[in-house]
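Novice: Sending over run-v2.cif (mmCIF, C-alpha atoms and all ligand atoms).
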```
data_entry
#
loop_
_atom_site.group_PDB
_atom_site.id
_atom_site.type_symbol
_atom_site.label_atom_id
_atom_site.label_comp_id
_atom_site.auth_asym_id
_atom_site.auth_seq_id
_atom_site.Cartn_x
_atom_site.Cartn_y
_atom_site.Cartn_z
ATOM 1 C CA MET F 1 19.305 58.360 29.780
ATOM 2 C CA GLY F 2 20.093 60.338 26.615
ATOM 3 C CA GLY F 3 20.550 60.086 22.872
ATOM 4 C CA PRO F 4 23.180 57.821 21.314
ATOM 5 C CA GLU F 5 25.811 60.619 21.301
ATOM 6 C CA ILE F 6 25.396 61.092 25.045
ATOM 7 C CA GLU F 7 25.386 57.357 25.736
ATOM 8 C CA ARG F 8 28.582 57.004 23.709
ATOM 9 C CA LEU F 9 30.260 59.815 25.654
ATOM 10 C CA ILE F 10 29.293 58.216 28.970
ATOM 11 C CA GLY F 11 30.454 54.800 27.742
ATOM 12 C CA MET F 12 33.879 56.144 26.755
ATOM 13 C CA LEU F 13 34.319 58.077 29.997
ATOM 14 C CA ALA F 14 33.339 54.972 31.999
ATOM 15 C CA ARG F 15 36.305 53.084 30.522
ATOM 16 C CA LEU F 16 38.826 55.548 31.947
ATOM 17 C CA PRO F 17 40.809 54.468 35.011
ATOM 18 C CA GLY F 18 39.204 55.701 38.199
ATOM 19 C CA LEU F 19 35.810 56.296 36.589
ATOM 20 C CA GLY F 20 32.969 53.788 36.726
ATOM 21 C CA PRO F 21 29.542 54.211 35.096
ATOM 22 C CA ARG F 22 28.283 56.382 37.939
ATOM 23 C CA SER F 23 31.237 58.817 37.908
ATOM 24 C CA ALA F 24 31.132 58.821 34.107
ATOM 25 C CA ARG F 25 27.503 59.984 34.151
ATOM 26 C CA ARG F 26 28.356 62.758 36.603
ATOM 27 C CA ALA F 27 31.331 63.880 34.515
ATOM 28 C CA ALA F 28 29.300 63.753 31.303
ATOM 29 C CA LEU F 29 26.536 65.809 32.854
ATOM 30 C CA ALA F 30 29.001 68.445 34.078
ATOM 31 C CA LEU F 31 30.393 68.699 30.539
ATOM 32 C CA LEU F 32 27.039 68.705 28.751
ATOM 33 C CA ARG F 33 25.570 71.410 30.947
ATOM 34 C CA GLN F 34 28.281 73.829 29.794
ATOM 35 C CA PRO F 35 29.129 72.819 26.231
ATOM 36 C CA GLU F 36 30.922 76.058 25.342
ATOM 37 C CA ALA F 37 32.808 76.487 28.591
ATOM 38 C CA ARG F 38 33.689 72.854 29.307
ATOM 39 C CA LEU F 39 32.867 70.328 26.619
ATOM 40 C CA MET F 40 34.346 72.046 23.552
ATOM 41 C CA PRO F 41 37.616 73.127 25.244
ATOM 42 C CA LEU F 42 38.062 69.553 26.513
ATOM 43 C CA ALA F 43 37.360 68.106 23.065
ATOM 44 C CA ARG F 44 39.899 70.475 21.507
ATOM 45 C CA ALA F 45 42.528 69.712 24.170
ATOM 46 C CA MET F 46 42.024 65.976 23.630
ATOM 47 C CA GLU F 47 42.342 66.271 19.863
ATOM 48 C CA GLN F 48 45.491 68.388 20.169
ATOM 49 C CA ALA F 49 47.026 65.914 22.647
ATOM 50 C CA ALA F 50 46.140 62.975 20.388
ATOM 51 C CA ARG F 51 47.878 64.637 17.435
ATOM 52 C CA ALA F 52 50.932 65.710 19.436
ATOM 53 C CA VAL F 53 51.697 62.674 21.597
ATOM 54 C CA ARG F 54 54.878 60.728 20.861
ATOM 55 C CA THR F 55 56.559 57.757 22.510
ATOM 56 C CA CYS F 56 60.219 58.543 23.195
ATOM 57 C CA SER F 57 62.366 56.122 21.194
ATOM 58 C CA ASN F 58 65.124 56.488 23.775
ATOM 59 C CA CYS F 59 63.252 55.763 27.019
ATOM 60 C CA GLY F 60 59.571 55.030 26.288
ATOM 61 C CA ASN F 61 58.206 58.161 27.999
ATOM 62 C CA LEU F 62 55.182 59.938 26.534
ATOM 63 C CA ASP F 63 55.786 63.507 25.374
ATOM 64 C CA THR F 64 55.222 65.741 22.380
ATOM 65 C CA THR F 65 58.800 65.388 21.171
ATOM 66 C CA ASP F 66 61.019 62.390 20.400
ATOM 67 C CA PRO F 67 63.435 62.230 22.186
ATOM 68 C CA CYS F 68 61.360 63.413 25.127
ATOM 69 C CA ALA F 69 62.173 66.547 27.117
ATOM 70 C CA LEU F 70 63.894 64.479 29.821
ATOM 71 C CA CYS F 71 66.186 62.664 27.382
ATOM 72 C CA GLY F 72 66.911 65.980 25.658
ATOM 73 C CA ASP F 73 67.843 67.715 28.917
ATOM 74 C CA LEU F 74 71.644 67.856 28.927
ATOM 75 C CA ALA F 75 71.672 68.879 32.594
ATOM 76 C CA ARG F 76 70.490 65.400 33.620
ATOM 77 C CA ASP F 77 72.907 62.613 34.564
ATOM 78 C CA ARG F 78 72.939 60.395 31.467
ATOM 79 C CA GLY F 79 74.996 57.743 33.240
ATOM 80 C CA LEU F 80 72.201 56.984 35.718
ATOM 81 C CA VAL F 81 69.131 55.152 34.333
ATOM 82 C CA CYS F 82 66.076 54.325 36.451
ATOM 83 C CA VAL F 83 63.998 51.431 35.072
ATOM 84 C CA VAL F 84 60.239 51.677 35.771
ATOM 85 C CA GLU F 85 57.176 49.739 34.654
ATOM 86 C CA THR F 86 54.923 52.548 33.483
ATOM 87 C CA VAL F 87 54.954 56.180 32.395
ATOM 88 C CA GLY F 88 52.843 56.795 35.517
ATOM 89 C CA ASP F 89 55.771 55.632 37.661
ATOM 90 C CA LEU F 90 58.132 57.928 35.753
ATOM 91 C CA TRP F 91 55.814 60.904 36.209
ATOM 92 C CA ALA F 92 55.496 60.183 39.945
ATOM 93 C CA LEU F 93 59.285 60.096 40.374
ATOM 94 C CA GLU F 94 59.616 63.310 38.371
ATOM 95 C CA ARG F 95 56.944 65.050 40.396
ATOM 96 C CA ALA F 96 58.807 64.095 43.566
ATOM 97 C CA GLY F 97 62.067 65.330 42.045
ATOM 98 C CA VAL F 98 64.029 62.403 43.492
ATOM 99 C CA HIS F 99 65.859 61.171 40.375
ATOM 100 C CA ARG F 100 68.354 63.331 38.450
ATOM 101 C CA GLY F 101 69.200 60.777 35.752
ATOM 102 C CA LEU F 102 67.269 59.348 32.808
ATOM 103 C CA TYR F 103 64.634 56.592 32.675
ATOM 104 C CA GLN F 104 63.655 53.418 30.865
ATOM 105 C CA VAL F 105 59.917 52.620 30.739
ATOM 106 C CA LEU F 106 59.402 48.879 30.236
ATOM 107 C CA GLY F 107 55.688 49.142 29.554
ATOM 108 C CA GLY F 108 54.940 46.266 31.927
ATOM 109 C CA THR F 109 56.597 43.311 33.615
ATOM 110 C CA LEU F 110 57.273 39.739 32.673
ATOM 111 C CA SER F 111 54.139 37.721 33.329
ATOM 112 C CA ALA F 112 53.709 33.996 32.831
ATOM 113 C CA LEU F 113 49.950 34.316 33.379
ATOM 114 C CA GLY F 114 49.599 37.343 31.120
ATOM 115 C CA GLY F 115 51.767 35.784 28.408
ATOM 116 C CA ILE F 116 54.256 38.689 28.556
ATOM 117 C CA GLY F 117 57.806 37.646 27.686
ATOM 118 C CA PRO F 118 61.125 39.521 27.349
ATOM 119 C CA ASP F 119 60.351 40.477 23.737
ATOM 120 C CA ASP F 120 57.217 42.311 24.861
ATOM 121 C CA LEU F 121 59.128 44.681 27.145
ATOM 122 C CA ASN F 122 60.715 47.933 25.958
ATOM 123 C CA THR F 123 64.329 46.981 26.682
ATOM 124 C CA ALA F 124 66.085 47.242 23.297
ATOM 125 C CA SER F 125 66.818 50.958 23.678
ATOM 126 C CA LEU F 126 68.167 50.321 27.204
ATOM 127 C CA PHE F 127 70.587 47.670 25.954
ATOM 128 C CA ALA F 128 71.567 50.002 23.096
ATOM 129 C CA ARG F 129 72.267 52.845 25.519
ATOM 130 C CA ILE F 130 74.387 50.554 27.700
ATOM 131 C CA ALA F 131 76.316 49.363 24.646
ATOM 132 C CA THR F 132 77.416 52.948 23.932
ATOM 133 C CA GLY F 133 79.229 52.979 27.280
ATOM 134 C CA ASP F 134 77.376 56.059 28.521
ATOM 135 C CA VAL F 135 75.533 54.256 31.331
ATOM 136 C CA ARG F 136 77.234 53.916 34.716
ATOM 137 C CA GLU F 137 74.385 52.640 36.900
ATOM 138 C CA VAL F 138 70.954 51.094 36.311
ATOM 139 C CA ILE F 139 68.414 51.409 39.134
ATOM 140 C CA LEU F 140 65.633 48.807 38.950
ATOM 141 C CA ALA F 141 62.486 50.466 40.384
ATOM 142 C CA LEU F 142 59.952 47.750 39.626
ATOM 143 C CA GLY F 143 57.018 46.615 41.713
ATOM 144 C CA ALA F 144 57.274 44.465 44.805
ATOM 145 C CA THR F 145 54.926 41.954 43.154
ATOM 146 C CA VAL F 146 55.873 38.438 41.987
ATOM 147 C CA ASP F 147 56.031 39.653 38.376
ATOM 148 C CA GLY F 148 58.016 42.733 39.392
ATOM 149 C CA ALA F 149 60.514 40.602 41.295
ATOM 150 C CA THR F 150 60.771 38.158 38.366
ATOM 151 C CA THR F 151 61.481 41.053 36.014
ATOM 152 C CA THR F 152 64.062 42.563 38.377
ATOM 153 C CA HIS F 153 65.813 39.201 38.588
ATOM 154 C CA TRP F 154 65.716 38.681 34.809
ATOM 155 C CA LEU F 155 67.041 42.173 34.036
ATOM 156 C CA SER F 156 69.870 41.930 36.549
ATOM 157 C CA GLU F 157 70.897 38.614 34.954
ATOM 158 C CA GLU F 158 70.736 40.171 31.478
ATOM 159 C CA LEU F 159 72.815 43.146 32.567
ATOM 160 C CA ALA F 160 75.379 41.157 34.553
ATOM 161 C CA GLY F 161 78.717 41.414 32.801
ATOM 162 C CA SER F 162 77.723 44.583 30.931
ATOM 163 C CA GLY F 163 79.995 46.623 33.186
ATOM 164 C CA VAL F 164 77.252 48.794 34.704
ATOM 165 C CA ALA F 165 76.374 48.841 38.399
ATOM 166 C CA ILE F 166 72.905 47.402 39.002
ATOM 167 C CA SER F 167 70.850 48.386 42.020
ATOM 168 C CA ARG F 168 67.237 48.100 43.078
ATOM 169 C CA VAL F 169 65.048 50.282 45.250
ATOM 170 C CA GLY F 170 64.183 49.296 48.814
ATOM 171 C CA HIS F 171 61.210 46.984 49.084
ATOM 172 C CA GLY F 172 57.866 47.650 50.697
ATOM 173 C CA VAL F 173 57.227 50.278 48.056
ATOM 174 C CA PRO F 174 54.252 49.641 45.784
ATOM 175 C CA MET F 175 55.036 50.435 42.166
ATOM 176 C CA GLY F 176 53.611 49.593 38.787
ATOM 177 C CA GLY F 177 51.523 52.707 38.337
ATOM 178 C CA ALA F 178 51.046 53.025 42.099
ATOM 179 C CA LEU F 179 53.942 55.370 42.785
ATOM 180 C CA ASP F 180 51.793 58.472 42.577
ATOM 181 C CA VAL F 181 50.009 57.597 45.822
ATOM 182 C CA LEU F 182 53.305 57.872 47.715
ATOM 183 C CA ASP F 183 54.519 61.085 49.287
ATOM 184 C CA ASP F 184 57.780 62.589 48.077
ATOM 185 C CA GLY F 185 59.681 61.612 51.239
ATOM 186 C CA THR F 186 58.813 57.929 50.816
ATOM 187 C CA LEU F 187 59.859 58.044 47.155
ATOM 188 C CA ALA F 188 63.130 59.738 48.039
ATOM 189 C CA ALA F 189 63.794 57.125 50.743
ATOM 190 C CA ALA F 190 63.069 54.277 48.329
ATOM 191 C CA LEU F 191 65.538 55.620 45.811
ATOM 192 C CA SER F 192 68.285 56.498 48.252
ATOM 193 C CA ALA F 193 67.898 53.115 50.012
ATOM 194 C CA ARG F 194 68.718 51.258 46.824
ATOM 195 C CA ARG F 195 71.091 48.314 47.086
ATOM 196 C CA PRO F 196 72.984 46.096 44.657
ATOM 197 C CA ALA F 197 70.589 43.812 42.740
HETATM 198 ZN ZN ZN K 201 62.959 59.858 26.720
#
```
Kindly transcribe the structure held in the file into structure tokens.

Specialist:
Amino acid sequence: MGGPEIERLIGMLARLPGLGPRSARRAALALLRQPEARLMPLARAMEQAARAVRTCSNCGNLDTTDPCALCGDLARDRGLVCVVETVGDLWALERAGVHRGLYQVLGGTLSALGGIGPDDLNTASLFARIATGDVREVILALGATVDGATTTHWLSEELAGSGVAISRVGHGVPMGGALDVLDDGTLAAALSARRPA
């Protein structure tokens, strides 16, 4: 198809979510046909993002500052923490504008098959935040999968007795990186229909 540089570009694009080999070739061709207008600006933007990206030590969000812009926003309700699996879920909820508190990004769910245990989830900063007494309610917005339900159950057991109210979003809502396919009304309904966990 092309020289090794082009093959490498196509190979790396093909590993991105949503792109297979065929889409990767189309994307690569679109970039290569306009190197000055498309390829170089993209390369520069990627390098700048790679240098700037930080994981928020408070919530696990990705941003260019630590703490992230959400955790640093004093207008948000710091007593209300929504627990999600992925940064993609957080971004979907933010885009819909349905949550006015802070977040905790677990980075996955418990999974017996995947060998993911409690120590592999980003929960330490959540427990630390609860220990300060600032948190009033934790909303568990995890997936309606077996692993999501297991994680919801485990977290509500861990948090029982901590003095915070624990709720979970209404079921029938796909999560785990899938929130961004939902419309804002469905997201708002899922959050407002939360019930004690
Ligand atoms: Zn944060």

Novice: At a cut-off of 9 Å and counting all atoms listed in the file, what residues surround ligand ZN 201 (chain K)? Please answer as a ChimeraX atom specification.

Specialist: /F:55-63,65-72,102-105

Novice: One number please: atom CA of Ala165 of chain F to atom CA of Ala112 of chain F, in Å, one decimal.

Specialist: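 Spanning atom CA of Ala165 of chain F to atom CA of Ala112 of chain F is a straight-line distance of 27.7 Å.
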
Novice: Give as a PyMOL selection string the residues that the PyMOL selection byres (((chain F and resi 123) around 12) and not hetatm) matches when applied to the coordinates above.

Specialist: chain F and resi 57-60+83-85+103-110+117-122+124-130+151+154-155+158-159

Novice: Take atom CA of Arg26 of chain F and atom CA of Glu5 of chain F and report the distance between them in Å, one decimal.

Specialist: 15.7 Å

Novice: For this structure, which residues satisfy the selection - the PyMOL selection byres (((chain F and resi 193) around 10) and not hetatm) - when it is evaluated on the file as given? I want them as a list in words.

Specialist: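 With the shown file as input, the PyMOL selection byres (((chain F and resi 193) around 10) and not hetatm) matches Ser167, Arg168, Val169, Gly170, His171, Leu187, Ala188, Ala189, Ala190, Leu191, Ser192, Arg194 and Arg195 of chain F.
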
Novice: Rounded to one decimal place, report the atom CA of Leu39 of chain F-atom CA of Asp89 of chain F distance in Å.

Specialist: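 Atom CA of Asp89 of chain F lies 29.4 Å from atom CA of Leu39 of chain F.
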
Novice: Can you give me, as a list in words, the residues this file yields under the PyMOL selection byres (((chain F and resi 80) around 6) and not hetatm)?

Specialist: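 That selection, the PyMOL selection byres (((chain F and resi 80) around 6) and not hetatm), comes back as Asp77, Arg78, Gly79, Val81, Gly101, Arg136 and Glu137 of chain F.
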
Novice: Quick one: residues within 12 Å of (58.4, 68.8, 42.5) (file frame), counting all atoms listed in the file, please, as a list in words.

Specialist: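 Looking at atoms near the point gives Trp91, Ala92, Leu93, Glu94, Arg95, Ala96, Gly97, Val98, His99, Asp183, Asp184, Gly185, Leu187 and Ala188 of chain F.
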
Novice: Which of these, F:Leu142, F:Val135, F:Ala45, F:Ala27, has the shortest distance to Ile6 of chain F once you count only C-alpha atoms?

Specialist: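 So, comparing all the options, the nearest one is F:Ala27.
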